[in-house]
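Structure file entry.cif (mmCIF, C-alpha atoms) follows.
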data_upload
loop_
_atom_site.label_atom_id
_atom_site.label_comp_id
_atom_site.auth_asym_id
_atom_site.auth_seq_id
_atom_site.Cartn_x
_atom_site.Cartn_y
_atom_site.Cartn_z
CA MET A 1 90.27 108.45 84.25
CA PRO A 2 93.72 109.94 83.62
CA PRO A 3 96.18 107.60 81.91
CA SER A 4 98.59 107.76 84.85
CA GLU A 5 96.01 105.94 86.92
CA ASP A 6 95.78 102.88 84.69
CA VAL A 7 96.01 99.75 86.74
CA LEU A 8 98.11 98.02 84.13
CA PRO A 9 101.05 100.39 83.65
CA ILE A 10 103.30 97.50 82.72
CA ASP A 11 102.18 94.10 81.61
CA GLU A 12 105.15 92.05 82.58
CA ASP A 13 105.43 88.67 84.22
CA ARG A 14 109.11 88.54 85.10
CA PRO A 15 109.46 89.11 88.83
CA PHE A 16 112.86 90.76 88.52
CA ARG A 17 114.19 92.93 85.71
CA GLU A 18 117.61 93.28 87.29
CA PRO A 19 119.72 90.88 89.36
CA TRP A 20 119.99 93.27 92.31
CA GLN A 21 116.19 93.17 92.67
CA ALA A 22 116.30 89.39 93.00
CA LYS A 23 119.14 89.65 95.51
CA ALA A 24 117.21 92.14 97.64
CA PHE A 25 114.20 89.84 97.63
CA ALA A 26 116.29 86.81 98.56
CA LEU A 27 118.07 88.67 101.37
CA VAL A 28 114.73 89.56 102.94
CA VAL A 29 113.51 85.97 102.72
CA LEU A 30 116.76 84.59 104.11
CA LEU A 31 117.12 87.05 106.99
CA HIS A 32 113.51 86.42 107.96
CA ARG A 33 113.99 82.66 107.70
CA GLN A 34 116.99 82.94 110.04
CA GLY A 35 114.89 84.76 112.59
CA HIS A 36 116.35 88.25 112.30
CA PHE A 37 112.90 89.78 111.96
CA ALA A 38 109.30 88.61 111.99
CA TRP A 39 107.35 88.81 108.75
CA PRO A 40 104.85 91.42 110.03
CA GLU A 41 107.79 93.66 110.95
CA TRP A 42 109.11 93.39 107.39
CA VAL A 43 105.69 94.11 105.89
CA GLN A 44 105.27 97.10 108.19
CA THR A 45 108.68 98.45 107.14
CA LEU A 46 107.93 97.96 103.45
CA ALA A 47 104.45 99.47 103.74
CA THR A 48 105.88 102.52 105.51
CA GLU A 49 108.47 103.00 102.78
CA VAL A 50 105.87 102.54 100.02
CA LYS A 51 103.72 105.19 101.61
CA ALA A 52 106.50 107.62 102.44
CA SER A 53 108.26 107.46 99.11
CA PRO A 54 105.76 106.94 96.26
CA GLN A 55 106.46 106.50 92.57
CA ARG A 56 108.36 109.42 91.03
CA PRO A 57 107.76 110.93 87.61
CA ASP A 58 111.07 109.57 86.31
CA GLU A 59 110.36 105.92 87.16
CA ASP A 60 107.73 103.32 86.36
CA ALA A 61 105.78 101.30 88.90
CA ASP A 62 108.27 98.46 88.87
CA GLN A 63 111.27 100.72 89.40
CA ALA A 64 109.45 102.49 92.22
CA TYR A 65 108.58 99.22 93.94
CA HIS A 66 112.10 97.87 93.87
CA ARG A 67 113.54 101.19 95.05
CA GLN A 68 111.12 101.11 97.99
CA PHE A 69 111.95 97.46 98.60
CA LEU A 70 115.70 98.10 98.79
CA ALA A 71 115.26 101.08 101.10
CA ALA A 72 113.03 98.97 103.38
CA LEU A 73 115.61 96.18 103.43
CA GLU A 74 118.34 98.61 104.46
CA ARG A 75 116.10 100.03 107.13
CA VAL A 76 115.12 96.71 108.66
CA VAL A 77 118.75 95.58 108.69
CA ILE A 78 119.75 98.75 110.55
CA VAL A 79 116.80 98.71 112.95
CA ARG A 80 117.51 95.06 113.80
CA GLY A 81 121.12 96.03 114.58
CA LEU A 82 122.62 93.75 111.93
CA MET A 83 124.78 96.60 110.65
CA ALA A 84 125.20 100.34 110.93
CA ARG A 85 124.18 102.85 108.28
CA ASP A 86 127.74 104.19 108.18
CA ALA A 87 129.22 100.77 107.49
CA MET A 88 126.70 100.28 104.70
CA THR A 89 127.49 103.62 103.07
CA GLU A 90 131.20 103.07 103.45
CA ARG A 91 131.00 99.62 101.89
CA THR A 92 128.91 100.91 98.98
CA GLU A 93 131.62 103.47 98.23
CA ALA A 94 134.30 100.82 98.62
CA TRP A 95 132.60 98.75 95.92
CA ARG A 96 132.42 101.82 93.69
CA ARG A 97 136.17 102.40 94.11
CA ALA A 98 136.84 98.72 93.50
CA TYR A 99 135.14 98.98 90.10
CA LEU A 100 137.03 102.14 89.25
CA ASN A 101 140.33 100.53 90.18
CA THR A 102 139.77 97.35 88.24
CA PRO A 103 140.82 97.22 84.60
CA HIS A 104 137.91 96.51 82.30
CA GLY A 105 137.30 92.82 81.77
CA GLN A 106 138.83 91.68 85.05
CA PRO A 107 136.77 90.37 87.94
CA VAL A 108 136.03 93.08 90.47
CA ASP A 109 137.25 92.27 93.95
CA LEU A 110 136.59 94.37 97.00
CA ALA A 111 140.31 94.39 97.78
CA ALA A 112 140.78 96.69 94.80
CA ALA A 113 138.91 99.41 96.71
CA ASP A 114 142.06 100.10 98.69
CA ASP A 115 144.35 99.97 95.70
CA HIS A 116 146.81 102.86 96.00
CA HIS A 117 145.81 103.98 92.51
CA ALA A 118 142.38 104.73 93.87
CA HIS A 119 140.88 107.86 92.44
CA GLY A 120 138.00 108.32 94.81
CA ALA A 121 136.72 111.78 95.67
CA ASP A 122 139.31 112.40 98.36
CA GLU A 123 142.13 111.63 96.00
CA HIS A 124 141.20 113.84 93.09
CA GLU A 125 143.87 116.39 93.77
CA HIS A 126 146.52 113.78 94.13
CA ALA A 127 145.44 111.87 91.05
CA LEU A 128 145.32 114.97 88.91
CA THR A 129 148.79 116.16 89.87
CA PRO A 130 151.30 114.82 87.38
CA ARG A 131 154.01 112.92 89.13
CA ARG A 132 157.39 114.65 88.90
CA MET A 133 159.14 112.24 91.19
CA PRO A 134 159.93 108.60 90.71
CA VAL A 135 157.94 106.39 92.97
CA ALA A 136 161.01 104.43 94.10
CA VAL A 137 164.72 104.85 93.69
CA SER A 138 167.48 102.35 93.99
CA ALA A 139 170.60 104.34 94.59
CA ALA A 140 173.56 103.93 92.24
CA HIS A 141 176.70 102.54 93.67
CA SER A 142 179.97 104.04 92.66
CA GLY A 143 182.76 101.55 92.64
CA PRO A 144 185.33 99.92 90.50
CA ALA A 145 184.09 99.34 87.00
CA GLY A 146 183.75 95.70 86.01
CA MET B 1 141.73 109.96 85.72
CA ALA B 2 140.71 109.33 82.16
CA GLU B 3 143.93 107.58 81.28
CA HIS B 4 143.29 104.85 83.88
CA ALA B 5 141.77 101.68 82.59
CA HIS B 6 138.80 100.92 84.81
CA THR B 7 135.46 99.16 85.02
CA ALA B 8 132.42 101.41 85.01
CA PRO B 9 130.68 100.98 88.38
CA PRO B 10 127.14 99.58 88.21
CA SER B 11 124.03 101.43 89.33
CA ASP B 12 123.69 102.76 92.85
CA PRO B 13 121.15 100.08 93.94
CA GLU B 14 123.45 97.36 92.67
CA LEU B 15 126.36 98.76 94.69
CA ARG B 16 124.15 98.99 97.76
CA ILE B 17 123.10 95.34 97.39
CA LYS B 18 126.73 94.31 96.96
CA ALA B 19 127.51 96.23 100.15
CA LEU B 20 124.71 94.53 102.08
CA GLU B 21 125.51 91.09 100.79
CA SER B 22 129.25 91.33 101.42
CA LEU B 23 128.84 92.76 104.92
CA LEU B 24 126.21 90.20 105.93
CA ALA B 25 128.36 87.39 104.57
CA GLU B 26 131.42 88.65 106.49
CA LYS B 27 129.39 88.71 109.69
CA LYS B 28 128.28 85.13 108.89
CA LEU B 29 124.68 86.29 108.93
CA ILE B 30 124.03 84.87 105.48
CA ASP B 31 125.41 82.23 103.20
CA PRO B 32 125.67 83.65 99.64
CA ALA B 33 124.81 80.20 98.25
CA ALA B 34 121.51 80.32 100.14
CA VAL B 35 120.75 83.68 98.54
CA ASP B 36 121.25 82.23 95.08
CA ALA B 37 119.16 79.16 95.94
CA ILE B 38 116.21 81.34 96.96
CA ILE B 39 116.42 83.32 93.73
CA GLU B 40 116.48 80.16 91.66
CA THR B 41 113.50 78.73 93.51
CA TYR B 42 111.34 81.79 93.00
CA GLU B 43 112.41 82.34 89.41
CA THR B 44 111.95 78.79 88.22
CA LYS B 45 110.10 76.53 90.65
CA ILE B 46 107.31 78.50 92.27
CA GLY B 47 104.54 80.03 90.24
CA PRO B 48 100.84 80.06 89.45
CA ARG B 49 100.99 76.48 88.12
CA ASN B 50 100.94 75.45 91.78
CA GLY B 51 97.75 77.37 92.47
CA ALA B 52 96.21 76.00 89.28
CA ARG B 53 96.70 72.47 90.60
CA VAL B 54 94.93 73.41 93.82
CA VAL B 55 92.01 74.84 91.85
CA ALA B 56 91.74 71.85 89.53
CA ARG B 57 91.76 69.47 92.49
CA ALA B 58 88.98 71.47 94.16
CA TRP B 59 86.92 71.33 90.95
CA THR B 60 87.21 67.57 90.66
CA ASP B 61 87.16 66.46 94.29
CA PRO B 62 84.29 67.85 96.41
CA GLU B 63 85.84 66.59 99.61
CA TYR B 64 89.10 68.34 98.83
CA LYS B 65 87.18 71.51 98.04
CA ALA B 66 85.44 71.34 101.42
CA ARG B 67 88.79 70.96 103.15
CA LEU B 68 90.24 73.80 101.09
CA LEU B 69 87.49 76.20 102.05
CA ALA B 70 87.63 75.12 105.69
CA ASP B 71 91.42 75.22 106.18
CA ALA B 72 93.21 76.39 103.08
CA THR B 73 96.74 76.28 104.49
CA LYS B 74 96.38 72.62 105.36
CA ALA B 75 94.61 71.61 102.15
CA ILE B 76 97.19 73.40 100.00
CA ALA B 77 100.00 71.71 101.94
CA GLU B 78 98.43 68.34 101.02
CA LEU B 79 99.58 69.05 97.47
CA GLY B 80 103.05 69.96 98.70
CA PHE B 81 102.79 73.74 98.56
CA SER B 82 103.79 75.57 101.71
CA GLY B 83 106.36 77.99 103.01
CA ALA B 84 106.96 81.71 103.24
CA GLN B 85 103.87 83.84 102.59
CA GLY B 86 101.71 80.73 102.48
CA GLU B 87 101.42 80.08 106.19
CA ASP B 88 97.95 81.46 106.68
CA MET B 89 95.88 81.01 103.56
CA VAL B 90 92.22 81.71 103.01
CA VAL B 91 90.50 80.53 99.83
CA VAL B 92 87.43 82.46 98.74
CA GLU B 93 85.09 80.84 96.24
CA ASN B 94 83.55 82.54 93.24
CA THR B 95 79.92 81.58 92.73
CA GLU B 96 76.95 82.72 90.66
CA GLU B 97 76.29 85.34 93.32
CA VAL B 98 79.77 86.43 94.40
CA HIS B 99 82.98 87.44 92.61
CA ASN B 100 86.10 87.80 94.74
CA VAL B 101 89.20 89.86 94.05
CA VAL B 102 92.38 90.17 96.10
CA VAL B 103 94.65 93.13 96.78
CA CYS B 104 97.29 94.16 99.27
CA THR B 105 96.40 97.76 99.98
CA LEU B 106 99.60 98.48 101.93
CA CYS B 107 102.31 96.86 99.83
CA SER B 108 102.55 93.50 98.08
CA CYS B 109 101.39 90.65 100.33
CA TYR B 110 100.69 87.70 98.08
CA PRO B 111 100.51 83.89 98.41
CA TRP B 112 103.94 82.94 97.08
CA PRO B 113 103.69 79.12 97.38
CA THR B 114 100.61 79.00 95.16
CA LEU B 115 101.08 82.01 92.86
CA GLY B 116 104.80 82.80 92.90
CA LEU B 117 105.73 86.47 93.04
CA PRO B 118 103.18 89.15 92.24
CA PRO B 119 102.93 90.92 88.88
CA VAL B 120 103.98 94.55 88.68
CA TRP B 121 100.45 95.94 88.58
CA TYR B 122 99.57 94.14 91.82
CA LYS B 123 102.32 96.06 93.64
CA ALA B 124 101.55 99.41 92.01
CA ALA B 125 99.65 102.23 93.66
CA PRO B 126 96.77 102.53 91.14
CA TYR B 127 95.62 98.94 91.61
CA ARG B 128 96.11 99.00 95.37
CA ALA B 129 93.96 102.11 95.71
CA ARG B 130 91.41 101.77 92.95
CA VAL B 131 90.37 98.15 93.30
CA VAL B 132 89.04 99.17 96.71
CA SER B 133 87.30 102.37 95.64
CA ASP B 134 86.03 101.09 92.28
CA PRO B 135 86.34 97.32 92.01
CA ARG B 136 83.98 96.93 89.05
CA GLY B 137 85.76 99.65 87.13
CA VAL B 138 89.15 98.05 87.72
CA LEU B 139 87.82 94.62 86.73
CA LEU B 140 86.56 96.15 83.48
CA GLU B 141 90.07 97.44 82.76
CA PHE B 142 91.21 93.84 82.99
CA GLY B 143 88.47 92.94 80.53
CA THR B 144 86.45 91.26 83.23
CA VAL B 145 82.77 92.05 83.18
CA VAL B 146 80.95 91.23 86.39
CA SER B 147 77.23 91.48 85.99
CA ASP B 148 75.35 93.89 88.23
CA ASP B 149 73.53 91.13 90.07
CA VAL B 150 76.82 89.63 91.25
CA GLU B 151 78.36 90.93 94.44
CA VAL B 152 82.04 91.86 94.24
CA ARG B 153 84.11 91.26 97.37
CA VAL B 154 87.59 92.74 97.70
CA TRP B 155 89.97 90.99 100.10
CA ASP B 156 92.99 92.74 101.58
CA SER B 157 95.92 90.36 101.97
CA ASN B 158 98.33 91.30 104.72
CA ALA B 159 101.27 90.04 106.74
CA GLU B 160 99.10 87.53 108.59
CA LEU B 161 96.62 86.30 105.96
CA ARG B 162 96.84 85.74 102.24
CA TYR B 163 93.82 85.16 100.02
CA LEU B 164 93.47 82.97 96.95
CA VAL B 165 90.41 83.02 94.73
CA LEU B 166 88.81 79.73 93.72
CA PRO B 167 87.50 80.68 90.28
CA ARG B 168 84.37 79.15 88.74
CA ARG B 169 84.86 76.09 86.64
CA PRO B 170 84.01 76.98 83.05
CA GLU B 171 81.10 75.37 81.25
CA GLY B 172 81.82 72.63 78.80
CA THR B 173 84.57 70.98 80.81
CA ASP B 174 82.68 67.92 82.02
CA GLY B 175 84.86 64.88 82.00
CA TRP B 176 88.12 66.83 81.76
CA SER B 177 91.01 65.49 83.76
CA GLU B 178 92.53 67.41 86.64
CA GLU B 179 95.59 68.10 84.52
CA GLN B 180 93.57 69.43 81.61
CA LEU B 181 91.58 71.63 83.95
CA ALA B 182 94.71 72.99 85.62
CA ALA B 183 95.95 74.18 82.24
CA LEU B 184 92.90 76.46 81.99
CA VAL B 185 93.52 78.22 85.30
CA SER B 186 95.27 81.57 84.88
CA ARG B 187 97.16 83.51 87.52
CA ASP B 188 94.76 86.43 87.28
CA SER B 189 91.75 84.16 87.79
CA MET B 190 93.21 83.24 91.18
CA ILE B 191 93.79 86.90 92.06
CA GLY B 192 90.26 87.57 90.89
CA THR B 193 90.98 90.11 88.17
CA ALA B 194 90.00 87.57 85.52
CA THR B 195 87.52 84.79 85.04
CA ILE B 196 88.16 81.62 83.11
CA PRO B 197 86.58 81.64 79.67
CA THR B 198 84.66 78.68 78.38
CA PRO B 199 87.04 76.71 76.19
CA ALA B 200 86.24 76.43 72.50
CA PRO B 201 84.27 73.30 71.67
CA GLY B 202 86.59 70.41 71.07
CA ALA B 203 89.51 72.22 72.74
CA ALA B 204 90.27 69.26 74.98
CA PRO B 205 89.91 65.55 75.45
#

Represent the structure from my file as structure tokens, please.
Amino acid sequence: MPPSEDVLPIDEDRPFREPWQAKAFALVVLLHRQGHFAWPEWVQTLATEVKASPQRPDEDADQAYHRQFLAALERVVIVRGLMARDAMTERTEAWRRAYLNTPHGQPVDLAAADDHHAHGADEHEHALTPRRMPVAVSAAHSGPAG
Amino acid sequence: MAEHAHTAPPSDPELRIKALESLLAEKKLIDPAAVDAIIETYETKIGPRNGARVVARAWTDPEYKARLLADATKAIAELGFSGAQGEDMVVVENTEEVHNVVVCTLCSCYPWPTLGLPPVWYKAAPYRARVVSDPRGVLLEFGTVVSDDVEVRVWDSNAELRYLVLPRRPEGTDGWSEEQLAALVSRDSMIGTATIPTPAPGAAP
């Protein structure tokens, strides 16, 4: 059989290589436990995603599975009306801006997303234009010298 | 932009998870501490050692074994293992005539309370497809030779039912304690992709 069909592409026991994979798993368990969706609905959503979006040449089986898992989680959350796709996308970008606005080594807080130094896509032009004006001016007072 | 000190954003999936988690927490739909507790449980407390205890009990206590084969969910709960993905368990017994192996053809259904989370190969497409079309060939790739006069049964775990294989007790383990026996039971032997080898003479008690 061709090597790509080996059943043991990766011999690895750790359930999660990256923290986000563990978070995604835990969010599914928790939302189910709190009654936001029944387990068969989750399995159906995951199975649909697995089928619709199989492993790509640039990823291994584990990467493919967790990509499918995350996409299924997002889908079930949207279908169940827990949040809108737009809000999710917007928040993802807000986190990206928050990282970009936070000096290296400092904790990243979502509030930094709205930092006026933001250099997100819509601010490129502004950010790249050298400032020729002071940002604030306190006017001088003419008066008797002390 | 280059002159700004900044933190390099993490990968796209990580940002998406941060988005989900922060939005769900703001809506009071989740408690972030509960998320961390679940991760800790599945990373450190739940794993195939649980299933091994079930198997060892079944090997040493015929009445327990009868209960396990009749109502696995209940018998497994007797040992304290229950919860998500363990609600409807079926235990299938390997014998001289039958070898059982478990798959989830659609995704990754797996008995978490007894085996923990599934290995990568269990979730991957080649195993899911090929163990159904060529079970003996796949078992061989795991180094498991099932003789031609033994029937191989493949069980498809799903959202409603999860299967656990009761492997055969190896020869030469008469008089072993439940604890010693449990140490012999591998994860793969309870999925059915492995058997349990006969321990070397003098290996235990």

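Those residues that approach Thr195 of chain B to within 8 Å, counting all atoms listed in the file, are Thr144, Pro167, Arg168, Asp188, Ser189, Gly192, Thr193 and Pro197 of chain B; same-chain residues fewer than 2 positions away are not listed.
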
Using atom CA of Thr92 of chain A and atom CA of Glu40 of chain B as the two end points, give the distance in Å to one decimal.
25.3 Å

Counting all atoms listed in the file, which residues from chain B have an atom at most 6 Å from any atom of chain A, and could you show them as a list in words?
Ala5, His6, Thr7, Pro9, Glu14, Leu15, Arg16, Ala19, Val35, Ile38, Ile39, Leu106, Cys107, Pro119, Val120, Trp121, Ala124, Pro126, Tyr127 and Ala159 of chain B

Protein/DNA/RNA residues near (86.6, 68.9, 88.2), cut 8 Å, all atoms listed in the file, as a PyMOL selection string
chain B and resi 56-61+169+173-178+181

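Against this structure, the PyMOL selection byres ((chain B and resi 116) around 10) ends up with Pro15 of chain A; Thr41, Tyr42, Glu43, Thr44, Lys45, Ile46, Gly47, Pro48, Arg49, Asn50, Gly51, Gln85, Tyr110, Pro111, Trp112, Pro113, Thr114, Leu115, Leu117, Pro118, Pro119 and Arg187 of chain B.
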
Write the residues you've just listed into a file as a PDB file, in the coordinates of the input, and include C-alpha atoms for each of them.
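This is the output file part26.pdb:
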ATOM      1  CA  PRO A  15     109.460  89.110  88.830  1.00  0.00           C
TER       2      PRO A  15
ATOM      3  CA  THR B  41     113.500  78.730  93.510  1.00  0.00           C
ATOM      4  CA  TYR B  42     111.340  81.790  93.000  1.00  0.00           C
ATOM      5  CA  GLU B  43     112.410  82.340  89.410  1.00  0.00           C
ATOM      6  CA  THR B  44     111.950  78.790  88.220  1.00  0.00           C
ATOM      7  CA  LYS B  45     110.100  76.530  90.650  1.00  0.00           C
ATOM      8  CA  ILE B  46     107.310  78.500  92.270  1.00  0.00           C
ATOM      9  CA  GLY B  47     104.540  80.030  90.240  1.00  0.00           C
ATOM     10  CA  PRO B  48     100.840  80.060  89.450  1.00  0.00           C
ATOM     11  CA  ARG B  49     100.990  76.480  88.120  1.00  0.00           C
ATOM     12  CA  ASN B  50     100.940  75.450  91.780  1.00  0.00           C
ATOM     13  CA  GLY B  51      97.750  77.370  92.470  1.00  0.00           C
ATOM     14  CA  GLN B  85     103.870  83.840 102.590  1.00  0.00           C
ATOM     15  CA  TYR B 110     100.690  87.700  98.080  1.00  0.00           C
ATOM     16  CA  PRO B 111     100.510  83.890  98.410  1.00  0.00           C
ATOM     17  CA  TRP B 112     103.940  82.940  97.080  1.00  0.00           C
ATOM     18  CA  PRO B 113     103.690  79.120  97.380  1.00  0.00           C
ATOM     19  CA  THR B 114     100.610  79.000  95.160  1.00  0.00           C
ATOM     20  CA  LEU B 115     101.080  82.010  92.860  1.00  0.00           C
ATOM     21  CA  LEU B 117     105.730  86.470  93.040  1.00  0.00           C
ATOM     22  CA  PRO B 118     103.180  89.150  92.240  1.00  0.00           C
ATOM     23  CA  PRO B 119     102.930  90.920  88.880  1.00  0.00           C
ATOM     24  CA  ARG B 187      97.160  83.510  87.520  1.00  0.00           C
TER      25      ARG B 187
END

Might you pull out every residue within 8 Å of segment 132-137 of chain B, with only C-alpha atoms counted and same-chain residues fewer than 4 positions away left off, and present them as a ChimeraX atom specification?
/B:128,141,145-146,152,154

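Going from atom CA of Ala84 of chain A over to atom CA of Glu160 of chain B, you cover 29.2 Å.
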
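Interatomic distance, atom CA of Arg75 of chain A against atom CA of Ile17 of chain B: 12.9 Å.
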
Residue by residue, what does the PyMOL selection byres ((chain B and resi 99) around 7) grab here? Present the result as an mmCIF file with C-alpha atoms, in the frame of the given file.
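File produced: expr_26.cif:
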data_model
loop_
_atom_site.group_PDB
_atom_site.id
_atom_site.type_symbol
_atom_site.label_atom_id
_atom_site.label_comp_id
_atom_site.auth_asym_id
_atom_site.auth_seq_id
_atom_site.Cartn_x
_atom_site.Cartn_y
_atom_site.Cartn_z
ATOM 1 C CA ASN B 94 83.550 82.540 93.240
ATOM 2 C CA THR B 95 79.920 81.580 92.730
ATOM 3 C CA VAL B 98 79.770 86.430 94.400
ATOM 4 C CA ASN B 100 86.100 87.800 94.740
ATOM 5 C CA VAL B 101 89.200 89.860 94.050
ATOM 6 C CA VAL B 150 76.820 89.630 91.250
ATOM 7 C CA GLU B 151 78.360 90.930 94.440
ATOM 8 C CA VAL B 152 82.040 91.860 94.240
ATOM 9 C CA ARG B 153 84.110 91.260 97.370
#

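Nearest-residue note for Gly35 of chain A: choosing from B:Ala25, B:Val55, B:Val90, B:Ile30, the minimum distance belongs to B:Ile30, counting all atoms listed in the file.
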
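Minimum atom-to-atom distance to Lys65 of chain B, evaluated using all atoms listed in the file, belongs to B:Val91 out of B:Leu29, B:Leu140, B:Val91, B:Ala37.
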
Ground truth for the PyMOL selection byres ((chain B and resi 79) around 10), written as a PyMOL selection string
chain B and resi 50-51+53-54+57+74-78+80-82

Nearest to Val102 of chain B, chosen from B:Arg130, B:Thr73, B:Ala34, B:Ile191, with only C-alpha atoms counted in the distances:
B:Ile191

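Among the candidates B:Ala183, B:Val138, B:Leu166, B:Ala52, the residue lying nearest to Glu93 of chain B is B:Leu166 (atoms considered: only C-alpha atoms).
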
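Across B:Leu68, B:Cys104, B:Val131, B:Ala125, the tightest approach to Asn158 of chain B is made by B:Cys104 when counting only C-alpha atoms.
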
What are the centre and the three edge lengths of an axis-aligned box that wraps all atoms of segment 78-85 of chain B in the file, given that 8 Å is added to every side, written as lines of an AutoDock Vina configuration file and rounded to one decimal in Å?
center_x = 102.7
center_y = 76.1
center_z = 100.4
size_x = 24.5
size_y = 31.5
size_z = 21.8

Could you add whatever atoms are missing so that segment 108-114 of chain B carries all heavy atoms, then write the result as a PDB file, in the coordinates of the input?
ATOM      1  N   SER B 108     102.516  94.535  99.106  1.00  0.00           N
ATOM      2  CA  SER B 108     102.550  93.500  98.080  1.00  0.00           C
ATOM      3  C   SER B 108     102.346  92.105  98.644  1.00  0.00           C
ATOM      4  O   SER B 108     102.858  91.142  98.084  1.00  0.00           O
ATOM      5  CB  SER B 108     103.879  93.585  97.332  1.00  0.00           C
ATOM      6  OG  SER B 108     104.946  93.558  98.271  1.00  0.00           O
ATOM      7  N   CYS B 109     101.614  91.980  99.747  1.00  0.00           N
ATOM      8  CA  CYS B 109     101.390  90.650 100.330  1.00  0.00           C
ATOM      9  C   CYS B 109     100.650  89.775  99.327  1.00  0.00           C
ATOM     10  O   CYS B 109      99.670  90.206  98.719  1.00  0.00           O
ATOM     11  CB  CYS B 109     100.592  90.775 101.635  1.00  0.00           C
ATOM     12  SG  CYS B 109     101.503  91.662 102.919  1.00  0.00           S
ATOM     13  N   TYR B 110     101.107  88.538  99.199  1.00  0.00           N
ATOM     14  CA  TYR B 110     100.690  87.700  98.080  1.00  0.00           C
ATOM     15  C   TYR B 110     101.043  86.259  98.428  1.00  0.00           C
ATOM     16  O   TYR B 110     102.066  86.012  99.073  1.00  0.00           O
ATOM     17  CB  TYR B 110     101.490  88.164  96.864  1.00  0.00           C
ATOM     18  CG  TYR B 110     101.073  87.701  95.493  1.00  0.00           C
ATOM     19  CD1 TYR B 110      99.927  88.196  94.883  1.00  0.00           C
ATOM     20  CD2 TYR B 110     101.881  86.823  94.777  1.00  0.00           C
ATOM     21  CE1 TYR B 110      99.588  87.811  93.583  1.00  0.00           C
ATOM     22  CE2 TYR B 110     101.544  86.441  93.477  1.00  0.00           C
ATOM     23  CZ  TYR B 110     100.396  86.940  92.880  1.00  0.00           C
ATOM     24  OH  TYR B 110     100.070  86.574  91.604  1.00  0.00           O
ATOM     25  N   PRO B 111     100.218  85.280  98.021  1.00  0.00           N
ATOM     26  CA  PRO B 111     100.510  83.890  98.410  1.00  0.00           C
ATOM     27  C   PRO B 111     101.583  83.259  97.531  1.00  0.00           C
ATOM     28  O   PRO B 111     101.289  82.636  96.519  1.00  0.00           O
ATOM     29  CB  PRO B 111      99.155  83.204  98.223  1.00  0.00           C
ATOM     30  CG  PRO B 111      98.484  83.977  97.148  1.00  0.00           C
ATOM     31  CD  PRO B 111      98.963  85.395  97.267  1.00  0.00           C
ATOM     32  N   TRP B 112     102.832  83.421  97.915  1.00  0.00           N
ATOM     33  CA  TRP B 112     103.940  82.940  97.080  1.00  0.00           C
ATOM     34  C   TRP B 112     103.878  81.450  96.738  1.00  0.00           C
ATOM     35  O   TRP B 112     104.115  81.089  95.587  1.00  0.00           O
ATOM     36  CB  TRP B 112     105.281  83.238  97.762  1.00  0.00           C
ATOM     37  CG  TRP B 112     105.590  84.685  97.931  1.00  0.00           C
ATOM     38  CD1 TRP B 112     104.946  85.748  97.361  1.00  0.00           C
ATOM     39  CD2 TRP B 112     106.635  85.236  98.743  1.00  0.00           C
ATOM     40  NE1 TRP B 112     105.531  86.921  97.766  1.00  0.00           N
ATOM     41  CE2 TRP B 112     106.564  86.636  98.614  1.00  0.00           C
ATOM     42  CE3 TRP B 112     107.606  84.670  99.562  1.00  0.00           C
ATOM     43  CZ2 TRP B 112     107.452  87.488  99.280  1.00  0.00           C
ATOM     44  CZ3 TRP B 112     108.495  85.518 100.221  1.00  0.00           C
ATOM     45  CH2 TRP B 112     108.414  86.911 100.084  1.00  0.00           C
ATOM     46  N   PRO B 113     103.609  80.554  97.730  1.00  0.00           N
ATOM     47  CA  PRO B 113     103.690  79.120  97.380  1.00  0.00           C
ATOM     48  C   PRO B 113     102.714  78.709  96.273  1.00  0.00           C
ATOM     49  O   PRO B 113     102.994  77.781  95.528  1.00  0.00           O
ATOM     50  CB  PRO B 113     103.356  78.403  98.697  1.00  0.00           C
ATOM     51  CG  PRO B 113     103.722  79.396  99.755  1.00  0.00           C
ATOM     52  CD  PRO B 113     103.375  80.732  99.164  1.00  0.00           C
ATOM     53  N   THR B 114     101.576  79.395  96.179  1.00  0.00           N
ATOM     54  CA  THR B 114     100.610  79.000  95.160  1.00  0.00           C
ATOM     55  C   THR B 114     100.654  79.880  93.906  1.00  0.00           C
ATOM     56  O   THR B 114     100.272  79.419  92.830  1.00  0.00           O
ATOM     57  CB  THR B 114      99.166  79.060  95.731  1.00  0.00           C
ATOM     58  OG1 THR B 114      99.064  80.177  96.607  1.00  0.00           O
ATOM     59  CG2 THR B 114      98.824  77.788  96.470  1.00  0.00           C
TER      60      THR B 114
END
